[in-house]
$ cat query.tsv   # TSV, C-alpha atoms
chain	number	residue	atom	x	y	z
A	8	MET	CA	-52.19	-47.35	-15.61
A	9	PHE	CA	-52.35	-48.32	-11.92
A	10	ILE	CA	-49.71	-49.20	-9.32
A	11	ASN	CA	-50.37	-51.74	-6.55
A	12	GLN	CA	-48.71	-50.58	-3.32
A	13	ASN	CA	-49.40	-52.35	0.00
A	14	GLY	CA	-52.65	-53.69	-1.42
A	15	VAL	CA	-53.83	-50.25	-2.55
A	16	LEU	CA	-54.36	-49.72	-6.28
A	17	PHE	CA	-53.18	-46.20	-7.21
A	18	ASN	CA	-53.68	-44.22	-10.38
A	19	PHE	CA	-50.02	-43.71	-11.40
A	20	GLN	CA	-50.68	-39.99	-11.99
A	21	TYR	CA	-51.39	-39.62	-8.28
A	22	PHE	CA	-48.87	-42.06	-6.85
A	23	ASP	CA	-46.11	-39.50	-6.16
A	24	LEU	CA	-48.60	-37.19	-4.45
A	25	PHE	CA	-49.68	-39.92	-2.01
A	26	GLN	CA	-46.11	-41.12	-1.52
A	27	LYS	CA	-44.95	-37.65	-0.49
A	28	LYS	CA	-47.76	-37.47	2.08
A	29	GLY	CA	-47.04	-40.97	3.44
A	30	LEU	CA	-50.45	-42.22	2.34
A	31	LEU	CA	-49.52	-45.54	0.77
A	32	SER	CA	-51.33	-47.94	3.11
A	33	PHE	CA	-54.97	-48.69	3.83
A	34	ASP	CA	-54.75	-47.47	7.42
A	35	ALA	CA	-52.99	-44.23	6.49
A	36	LEU	CA	-55.67	-43.43	3.92
A	37	TRP	CA	-58.53	-44.44	6.20
A	38	ASN	CA	-57.31	-42.42	9.17
A	39	GLN	CA	-56.60	-39.13	7.40
A	40	GLN	CA	-57.68	-35.99	9.23
A	41	ASP	CA	-58.48	-32.41	8.19
A	42	HIS	CA	-61.27	-33.15	5.72
A	43	TYR	CA	-63.13	-30.17	4.26
A	44	PHE	CA	-66.26	-32.21	3.60
A	45	PHE	CA	-67.79	-35.08	5.58
A	46	THR	CA	-71.02	-37.03	5.52
A	47	LYS	CA	-72.06	-40.43	6.84
A	48	LYS	CA	-75.00	-42.44	5.59
A	49	ARG	CA	-75.66	-45.93	6.92
A	50	TYR	CA	-72.56	-47.99	6.03
A	51	ARG	CA	-70.71	-45.32	3.99
A	52	ILE	CA	-68.63	-42.30	4.85
A	53	VAL	CA	-67.76	-39.72	2.23
A	54	SER	CA	-65.03	-37.20	3.03
A	55	ALA	CA	-62.91	-34.84	0.96
A	56	TYR	CA	-59.33	-33.67	1.40
A	57	GLN	CA	-56.86	-31.20	0.00
A	58	ILE	CA	-53.72	-33.22	-0.75
A	59	ASN	CA	-50.89	-31.07	-2.09
A	60	GLY	CA	-53.35	-28.90	-3.98
A	61	SER	CA	-55.46	-31.78	-5.33
A	62	LYS	CA	-59.03	-32.25	-4.11
A	63	ILE	CA	-59.70	-35.93	-3.45
A	64	PHE	CA	-63.00	-37.48	-2.39
A	65	ILE	CA	-62.76	-40.73	-0.45
A	66	LYS	CA	-65.77	-42.99	-0.11
A	67	LYS	CA	-65.30	-45.40	2.81
A	68	TYR	CA	-67.38	-48.55	3.07
A	69	LEU	CA	-67.86	-49.97	6.57
A	70	ALA	CA	-69.71	-52.94	5.07
A	71	HIS	CA	-71.02	-54.18	1.70
A	72	ILE	CA	-67.60	-54.08	0.03
A	73	GLU	CA	-69.11	-55.74	-3.03
A	74	GLU	CA	-70.80	-52.39	-3.68
A	75	ALA	CA	-67.43	-50.64	-3.54
A	76	LYS	CA	-65.97	-53.15	-6.00
A	77	LYS	CA	-68.90	-52.63	-8.34
A	78	GLU	CA	-68.61	-48.85	-8.24
A	79	TRP	CA	-64.89	-49.08	-9.05
A	80	GLU	CA	-65.61	-51.37	-12.01
A	81	ASN	CA	-68.45	-49.15	-13.21
A	82	ILE	CA	-66.21	-46.08	-13.28
A	83	PHE	CA	-64.13	-47.75	-15.99
A	84	LEU	CA	-67.20	-49.15	-17.76
A	85	LEU	CA	-68.80	-45.72	-18.11
A	86	TRP	CA	-65.64	-44.02	-19.31
A	87	SER	CA	-65.15	-46.82	-21.86
A	88	LYS	CA	-68.67	-46.20	-23.19
A	89	GLY	CA	-68.12	-42.44	-23.43
A	90	PHE	CA	-70.09	-41.31	-20.37
A	91	PRO	CA	-68.18	-38.95	-18.05
A	92	THR	CA	-68.15	-39.89	-14.37
A	93	SER	CA	-65.70	-39.65	-11.48
A	94	VAL	CA	-61.97	-39.88	-12.24
A	95	PRO	CA	-60.48	-42.87	-10.36
A	96	VAL	CA	-57.56	-42.19	-7.98
A	97	PHE	CA	-57.26	-45.31	-5.81
A	98	PHE	CA	-59.07	-48.43	-4.60
A	99	ALA	CA	-58.35	-50.42	-1.45
A	100	MET	CA	-59.83	-53.22	0.67
A	101	SER	CA	-58.88	-54.38	4.16
A	102	GLN	CA	-58.84	-57.81	5.78
A	103	ASP	CA	-61.72	-56.77	8.06
A	104	LYS	CA	-64.17	-56.18	5.21
A	105	ARG	CA	-63.80	-52.44	4.72
A	106	ALA	CA	-63.15	-50.74	1.38
A	107	MET	CA	-62.30	-47.32	-0.02
A	108	ILE	CA	-62.59	-45.57	-3.34
A	109	GLY	CA	-60.69	-42.36	-4.01
A	110	THR	CA	-61.72	-40.08	-6.86
A	111	GLU	CA	-60.97	-36.58	-8.07
A	112	GLU	CA	-63.44	-33.89	-7.08
A	113	VAL	CA	-65.99	-33.75	-9.91
A	114	ASN	CA	-65.01	-31.12	-12.46
A	115	GLY	CA	-68.41	-29.52	-12.60
A	116	GLU	CA	-71.24	-28.08	-10.55
A	117	GLY	CA	-74.17	-30.05	-9.17
A	118	PHE	CA	-77.43	-29.74	-11.11
A	119	LEU	CA	-79.36	-28.78	-7.97
A	120	GLU	CA	-76.83	-26.16	-6.96
A	121	ILE	CA	-76.92	-24.59	-10.42
A	122	VAL	CA	-80.70	-24.30	-10.61
A	123	GLN	CA	-81.00	-23.05	-7.03
A	124	ASN	CA	-78.64	-20.21	-7.91
A	125	ASP	CA	-80.16	-19.52	-11.33
A	126	SER	CA	-83.56	-21.06	-12.07
A	127	SER	CA	-83.44	-19.76	-15.66
A	128	LYS	CA	-81.02	-22.61	-16.46
A	129	THR	CA	-83.38	-25.36	-15.30
A	130	ALA	CA	-85.01	-26.20	-18.64
A	131	PHE	CA	-81.65	-26.13	-20.45
A	132	LEU	CA	-80.06	-28.57	-18.00
A	133	ILE	CA	-83.10	-30.85	-17.94
A	134	SER	CA	-82.85	-31.17	-21.72
A	135	LYS	CA	-79.17	-32.07	-21.27
A	136	ILE	CA	-80.06	-34.78	-18.75
A	137	ALA	CA	-82.77	-36.09	-21.09
A	138	LYS	CA	-80.38	-36.53	-24.01
A	139	PHE	CA	-77.66	-37.96	-21.78
A	140	LEU	CA	-80.01	-40.52	-20.23
A	141	ALA	CA	-81.51	-41.51	-23.58
A	142	GLU	CA	-78.02	-42.23	-24.93
A	143	PHE	CA	-77.20	-44.04	-21.68
A	144	HIS	CA	-80.21	-46.31	-22.12
A	145	ILE	CA	-79.65	-46.85	-25.84
A	146	THR	CA	-76.14	-48.05	-24.97
A	147	GLY	CA	-77.64	-50.60	-22.55
A	148	LEU	CA	-76.67	-48.80	-19.33
A	149	PHE	CA	-79.08	-48.26	-16.44
A	150	HIS	CA	-78.15	-46.12	-13.44
A	151	GLN	CA	-80.61	-47.54	-10.84
A	152	ASP	CA	-80.00	-44.62	-8.47
A	153	CYS	CA	-81.20	-42.07	-10.98
A	154	TYR	CA	-81.91	-38.89	-9.02
A	155	LEU	CA	-81.22	-35.29	-9.95
A	156	ASN	CA	-78.54	-34.85	-7.28
A	157	HIS	CA	-76.37	-37.38	-9.12
A	158	PHE	CA	-75.93	-35.15	-12.19
A	159	TYR	CA	-73.23	-32.50	-12.55
A	160	TYR	CA	-72.53	-30.08	-15.37
A	161	ASN	CA	-69.22	-28.66	-16.63
A	162	LYS	CA	-70.16	-25.50	-18.50
A	163	ASN	CA	-66.67	-25.00	-19.96
A	164	LEU	CA	-66.80	-28.39	-21.66
A	165	ASP	CA	-70.59	-28.39	-22.08
A	166	GLN	CA	-70.41	-31.81	-20.46
A	167	LEU	CA	-72.83	-33.67	-18.21
A	168	ILE	CA	-71.30	-35.92	-15.55
A	169	VAL	CA	-73.04	-38.69	-13.61
A	170	ILE	CA	-71.93	-39.94	-10.18
A	171	ASP	CA	-72.81	-42.58	-7.55
A	172	ILE	CA	-72.73	-45.42	-10.03
A	173	SER	CA	-72.37	-48.52	-7.84
A	174	ARG	CA	-75.75	-49.85	-9.00
A	175	VAL	CA	-75.25	-49.30	-12.72
A	176	LYS	CA	-76.17	-52.32	-14.85
A	177	TYR	CA	-75.03	-53.01	-18.40
A	178	ASN	CA	-77.25	-54.98	-20.80
A	179	PRO	CA	-79.19	-56.74	-18.00
A	180	PHE	CA	-81.79	-59.40	-18.64
A	181	PHE	CA	-85.28	-57.88	-18.92
A	182	SER	CA	-83.83	-54.42	-19.42
A	183	LYS	CA	-87.31	-52.81	-19.63
A	184	TYR	CA	-87.67	-53.20	-15.85
A	185	PHE	CA	-84.44	-51.25	-15.21
A	186	PHE	CA	-85.39	-48.66	-17.82
A	187	ILE	CA	-88.71	-48.00	-16.07
A	188	LYS	CA	-87.00	-47.84	-12.67
A	189	ASP	CA	-84.47	-45.23	-13.87
A	190	LEU	CA	-87.15	-42.97	-15.29
A	191	ALA	CA	-89.46	-43.40	-12.29
A	192	GLN	CA	-86.66	-42.50	-9.88
A	193	LEU	CA	-85.93	-39.43	-11.92
A	194	LYS	CA	-89.58	-38.38	-12.08
A	195	PHE	CA	-89.91	-38.89	-8.32
A	196	SER	CA	-86.86	-36.65	-7.98
A	197	PHE	CA	-88.65	-33.96	-10.02
A	198	TYR	CA	-91.57	-34.03	-7.54
A	199	THR	CA	-89.12	-33.87	-4.62
A	200	TYR	CA	-87.19	-30.84	-5.85
A	201	PHE	CA	-89.64	-28.96	-8.08
A	202	GLN	CA	-92.97	-29.67	-6.37
A	203	ASN	CA	-95.66	-27.57	-8.14
A	204	GLU	CA	-93.44	-27.15	-11.20
A	205	ALA	CA	-92.55	-30.83	-11.40
A	206	LEU	CA	-94.91	-31.77	-14.24
A	207	ASN	CA	-93.89	-28.81	-16.40
A	208	PHE	CA	-90.21	-29.70	-16.07
A	209	TRP	CA	-90.95	-33.40	-16.53
A	210	ASN	CA	-92.70	-32.64	-19.81
A	211	ILE	CA	-89.53	-30.85	-20.99
A	212	PHE	CA	-87.51	-33.90	-20.02
A	213	TRP	CA	-89.92	-36.36	-21.64
A	214	GLU	CA	-90.08	-34.45	-24.93
A	215	ASN	CA	-86.29	-34.29	-25.22
A	216	TYR	CA	-85.83	-37.87	-24.08
A	217	ASN	CA	-88.32	-39.12	-26.68
A	218	ASN	CA	-86.57	-37.20	-29.44
A	219	GLU	CA	-83.74	-39.69	-28.89
A	220	PHE	CA	-85.57	-42.77	-27.66
A	221	LYS	CA	-89.24	-43.15	-28.62
A	222	ASN	CA	-91.60	-44.57	-26.00
A	223	SER	CA	-95.27	-45.43	-25.81
A	224	LEU	CA	-98.01	-43.89	-23.72
A	225	PHE	CA	-98.38	-47.27	-21.99
A	226	LEU	CA	-94.76	-47.09	-20.85
A	227	ALA	CA	-95.39	-43.63	-19.41
A	228	LYS	CA	-98.20	-45.13	-17.31
A	229	LEU	CA	-95.85	-47.85	-16.02
A	230	ILE	CA	-93.37	-45.14	-15.03
A	231	ASP	CA	-96.11	-43.32	-13.08
A	232	LEU	CA	-97.04	-46.57	-11.31
A	233	LYS	CA	-93.40	-47.06	-10.30
A	234	VAL	CA	-93.23	-43.44	-9.06
A	235	ARG	CA	-96.13	-44.18	-6.70
A	236	LEU	CA	-94.36	-47.29	-5.40
A	237	ILE	CA	-91.13	-45.34	-4.81
A	238	LYS	CA	-93.09	-42.62	-2.99
A	239	ARG	CA	-94.81	-45.20	-0.77
A	240	HIS	CA	-91.53	-46.96	0.02
A	241	THR	CA	-89.79	-43.65	0.81
A	242	GLU	CA	-92.55	-42.57	3.17
A	243	ARG	CA	-92.41	-45.91	5.02
A	244	VAL	CA	-88.63	-45.73	5.44
A	245	LEU	CA	-88.74	-42.14	6.70
A	246	LYS	CA	-91.62	-42.91	9.05
A	247	ARG	CA	-89.59	-45.58	10.83
A	248	GLY	CA	-86.61	-43.25	11.10
A	249	GLY	CA	-84.53	-44.76	8.32
A	250	GLU	CA	-82.34	-43.06	5.70
A	251	ILE	CA	-82.97	-42.92	1.97
$ encode --input "query.tsv" --output "structure tokens"
Amino acid sequence: MFINQNGVLFNFQYFDLFQKKGLLSFDALWNQQDHYFFTKKRYRIVSAYQINGSKIFIKKYLAHIEEAKKEWENIFLLWSKGFPTSVPVFFAMSQDKRAMIGTEEVNGEGFLEIVQNDSSKTAFLISKIAKFLAEFHITGLFHQDCYLNHFYYNKNLDQLIVIDISRVKYNPFFSKYFFIKDLAQLKFSFYTYFQNEALNFWNIFWENYNNEFKNSLFLAKLIDLKVRLIKRHTERVLKRGGEI
């Protein structure tokens, strides 16, 4: 259940918390200070705040508010299909084409952080991602920003969580294209983070993924072709000083 206050849509469970802090308008939320996390990338700012003991992440869009709308919608789509993602707290848009999404801090630890601290868990977590993504694809969902840094794991619940879902598509036309793109992005991510071990870990992923969702050798070749295209595009963007 959500409450509309001054054009901001609040999760009713958080409404009193924001009311007590005087954060019931777009400007009040946008201009908060004392963040404990901050990053800016092109047209988005992500910051995190402690609000009366609750940890809230706010993603601010300086442009492309259609992306913010889509991410908000996709949060509910994924939960409705049984795939854990961010917990929605609020959504707001301004007259001057800015938008914000507030979510709870993810109740889990980032995949990359886990394996950097304990590499013995890498194969286990890769198998988790493989099964999660196979079920995701079988359901007709495609992430389209499918990199390892977008997966979190809650060990207490034995639950995988996926974030940054503004590009998620559900039952798109010519779904095979989006399927190949997801897997190629992920494989590119393996090369980025695992380097010399990338193929060994990819083979673990591919075996577990195919236990759920069988694929042909030809499809594997198409994925490799897409990986090369992603690599070429990434190198061009970085060479001209852009951000990925």
$ atom_distance --input "query.tsv" --atom1 "atom CA of A:Phe45" --atom2 "atom CA of A:Ile170"
17.0 Å
$ atom_distance --input "query.tsv" --atom1 "atom CA of A:Phe181" --atom2 "atom CA of A:Tyr159"
28.8 Å
$ residues_around --input "query.tsv" --residues "stretch 95-111 of chain A" --least-positions-apart "6" --cutoff "10 Å" --atoms "all atoms listed in the file" --output "PyMOL selection string"
chain A and resi 9-22+32-34+36-37+50-55+61-76+78-79+82-83
$ write_last_selection --input "query.tsv" --atoms "C-alpha atoms" --output "short mmCIF file (atom, residue, chain, number, x, y, z; two decimals), in the frame of the given file"
data_model
loop_
_atom_site.label_atom_id
_atom_site.label_comp_id
_atom_site.auth_asym_id
_atom_site.auth_seq_id
_atom_site.Cartn_x
_atom_site.Cartn_y
_atom_site.Cartn_z
CA PHE A 9 -52.35 -48.32 -11.92
CA ILE A 10 -49.71 -49.20 -9.32
CA ASN A 11 -50.37 -51.74 -6.55
CA GLN A 12 -48.71 -50.58 -3.32
CA ASN A 13 -49.40 -52.35 0.00
CA GLY A 14 -52.65 -53.69 -1.42
CA VAL A 15 -53.83 -50.25 -2.55
CA LEU A 16 -54.36 -49.72 -6.28
CA PHE A 17 -53.18 -46.20 -7.21
CA ASN A 18 -53.68 -44.22 -10.38
CA PHE A 19 -50.02 -43.71 -11.40
CA GLN A 20 -50.68 -39.99 -11.99
CA TYR A 21 -51.39 -39.62 -8.28
CA PHE A 22 -48.87 -42.06 -6.85
CA SER A 32 -51.33 -47.94 3.11
CA PHE A 33 -54.97 -48.69 3.83
CA ASP A 34 -54.75 -47.47 7.42
CA LEU A 36 -55.67 -43.43 3.92
CA TRP A 37 -58.53 -44.44 6.20
CA TYR A 50 -72.56 -47.99 6.03
CA ARG A 51 -70.71 -45.32 3.99
CA ILE A 52 -68.63 -42.30 4.85
CA VAL A 53 -67.76 -39.72 2.23
CA SER A 54 -65.03 -37.20 3.03
CA ALA A 55 -62.91 -34.84 0.96
CA SER A 61 -55.46 -31.78 -5.33
CA LYS A 62 -59.03 -32.25 -4.11
CA ILE A 63 -59.70 -35.93 -3.45
CA PHE A 64 -63.00 -37.48 -2.39
CA ILE A 65 -62.76 -40.73 -0.45
CA LYS A 66 -65.77 -42.99 -0.11
CA LYS A 67 -65.30 -45.40 2.81
CA TYR A 68 -67.38 -48.55 3.07
CA LEU A 69 -67.86 -49.97 6.57
CA ALA A 70 -69.71 -52.94 5.07
CA HIS A 71 -71.02 -54.18 1.70
CA ILE A 72 -67.60 -54.08 0.03
CA GLU A 73 -69.11 -55.74 -3.03
CA GLU A 74 -70.80 -52.39 -3.68
CA ALA A 75 -67.43 -50.64 -3.54
CA LYS A 76 -65.97 -53.15 -6.00
CA GLU A 78 -68.61 -48.85 -8.24
CA TRP A 79 -64.89 -49.08 -9.05
CA ILE A 82 -66.21 -46.08 -13.28
CA PHE A 83 -64.13 -47.75 -15.99
#
$ axis_aligned_box --input "query.tsv" --around "stretch 29-32 of chain A" --padding-each-side "3 Å" --output "AutoDock Vina command-line options"
--center_x -49.2 --center_y -44.5 --center_z 2.1 --size_x 10.3 --size_y 13.0 --size_z 8.7
$ atom_distance --input "query.tsv" --atom1 "atom CA of A:Tyr200" --atom2 "atom CA of A:Val169"
17.9 Å
$ residues_around --input "query.tsv" --residues "A:Ile133" --least-positions-apart "4" --cutoff "8 Å" --atoms "only C-alpha atoms" --output "list of chain:residue names"
A:Thr129, A:Ala137, A:Phe208, A:Ile211, A:Phe212
$ write_last_selection --input "query.tsv" --atoms "C-alpha atoms" --output "mmCIF file, in the coordinates of the input"
data_model
loop_
_atom_site.group_PDB
_atom_site.id
_atom_site.type_symbol
_atom_site.label_atom_id
_atom_site.label_comp_id
_atom_site.auth_asym_id
_atom_site.auth_seq_id
_atom_site.Cartn_x
_atom_site.Cartn_y
_atom_site.Cartn_z
ATOM 1 C CA THR A 129 -83.380 -25.360 -15.300
ATOM 2 C CA ALA A 137 -82.770 -36.090 -21.090
ATOM 3 C CA PHE A 208 -90.210 -29.700 -16.070
ATOM 4 C CA ILE A 211 -89.530 -30.850 -20.990
ATOM 5 C CA PHE A 212 -87.510 -33.900 -20.020
#
$ residues_around --input "query.tsv" --residues "stretch 153-158 of chain A" --least-positions-apart "2" --cutoff "9 Å" --atoms "only C-alpha atoms" --output "ChimeraX atom specification"
/A:116-120,136,149-151,160,167-172,188-197,200
$ closest_residue --input "query.tsv" --among "A:Leu148, A:Lys135, A:Ser93, A:Val113" --to "A:Lys183" --atoms "all atoms listed in the file"
A:Leu148
$ closest_residue --input "query.tsv" --among "A:Leu232, A:Val94, A:Ala141, A:Leu132" --to "A:Asp165" --atoms "all atoms listed in the file"
A:Leu132
$ residues_around --input "query.tsv" --residues "A:Asn81" --least-positions-apart "6" --cutoff "10 Å" --atoms "all atoms listed in the file" --output "mmCIF file with C-alpha atoms, in the coordinates of the input"
data_model
loop_
_atom_site.group_PDB
_atom_site.id
_atom_site.type_symbol
_atom_site.label_atom_id
_atom_site.label_comp_id
_atom_site.auth_asym_id
_atom_site.auth_seq_id
_atom_site.Cartn_x
_atom_site.Cartn_y
_atom_site.Cartn_z
ATOM 1 C CA ALA A 75 -67.430 -50.640 -3.540
ATOM 2 C CA SER A 87 -65.150 -46.820 -21.860
ATOM 3 C CA THR A 92 -68.150 -39.890 -14.370
ATOM 4 C CA ASP A 171 -72.810 -42.580 -7.550
ATOM 5 C CA ILE A 172 -72.730 -45.420 -10.030
ATOM 6 C CA SER A 173 -72.370 -48.520 -7.840
ATOM 7 C CA ARG A 174 -75.750 -49.850 -9.000
ATOM 8 C CA VAL A 175 -75.250 -49.300 -12.720
ATOM 9 C CA LYS A 176 -76.170 -52.320 -14.850
ATOM 10 C CA TYR A 177 -75.030 -53.010 -18.400
#
$ closest_residue --input "query.tsv" --among "A:Glu242, A:Glu80, A:Glu219, A:Glu112" --to "A:Phe143" --atoms "all atoms listed in the file"
A:Glu219
$ closest_residue --input "query.tsv" --among "A:Leu164, A:Met8, A:Ile58, A:Ala227" --to "A:Leu24" --atoms "all atoms listed in the file"
A:Ile58
$ build_atoms --input "query.tsv" --residues "stretch 133-144 of chain A" --atoms "N, CA, C and O atoms" --output "short mmCIF file (atom, residue, chain, number, x, y, z; two decimals), in the coordinates of the input"
data_model
loop_
_atom_site.label_atom_id
_atom_site.label_comp_id
_atom_site.auth_asym_id
_atom_site.auth_seq_id
_atom_site.Cartn_x
_atom_site.Cartn_y
_atom_site.Cartn_z
N ILE A 133 -82.22 -29.68 -17.86
CA ILE A 133 -83.10 -30.85 -17.94
C ILE A 133 -83.03 -31.46 -19.33
O ILE A 133 -83.01 -32.69 -19.49
N SER A 134 -82.97 -30.63 -20.36
CA SER A 134 -82.85 -31.17 -21.72
C SER A 134 -81.52 -31.90 -21.90
O SER A 134 -81.44 -32.90 -22.61
N LYS A 135 -80.47 -31.41 -21.23
CA LYS A 135 -79.17 -32.07 -21.27
C LYS A 135 -79.25 -33.45 -20.61
O LYS A 135 -78.73 -34.45 -21.13
N ILE A 136 -79.90 -33.50 -19.45
CA ILE A 136 -80.06 -34.78 -18.75
C ILE A 136 -80.88 -35.75 -19.59
O ILE A 136 -80.58 -36.94 -19.67
N ALA A 137 -81.92 -35.24 -20.26
CA ALA A 137 -82.77 -36.09 -21.09
C ALA A 137 -81.98 -36.75 -22.22
O ALA A 137 -82.09 -37.97 -22.45
N LYS A 138 -81.17 -35.98 -22.91
CA LYS A 138 -80.38 -36.53 -24.01
C LYS A 138 -79.30 -37.48 -23.51
O LYS A 138 -79.04 -38.53 -24.10
N PHE A 139 -78.68 -37.11 -22.38
CA PHE A 139 -77.66 -37.96 -21.78
C PHE A 139 -78.27 -39.31 -21.40
O PHE A 139 -77.71 -40.38 -21.71
N LEU A 140 -79.42 -39.28 -20.72
CA LEU A 140 -80.01 -40.52 -20.23
C LEU A 140 -80.55 -41.37 -21.37
O LEU A 140 -80.47 -42.61 -21.33
N ALA A 141 -81.06 -40.74 -22.41
CA ALA A 141 -81.51 -41.51 -23.58
C ALA A 141 -80.34 -42.26 -24.21
O ALA A 141 -80.44 -43.45 -24.52
N GLU A 142 -79.21 -41.58 -24.37
CA GLU A 142 -78.02 -42.23 -24.93
C GLU A 142 -77.50 -43.33 -23.99
O GLU A 142 -77.05 -44.39 -24.43
N PHE A 143 -77.58 -43.07 -22.70
CA PHE A 143 -77.20 -44.04 -21.68
C PHE A 143 -78.01 -45.32 -21.85
O PHE A 143 -77.46 -46.43 -21.88
N HIS A 144 -79.31 -45.17 -21.99
CA HIS A 144 -80.21 -46.31 -22.12
C HIS A 144 -80.04 -47.02 -23.46
O HIS A 144 -80.07 -48.25 -23.54
#
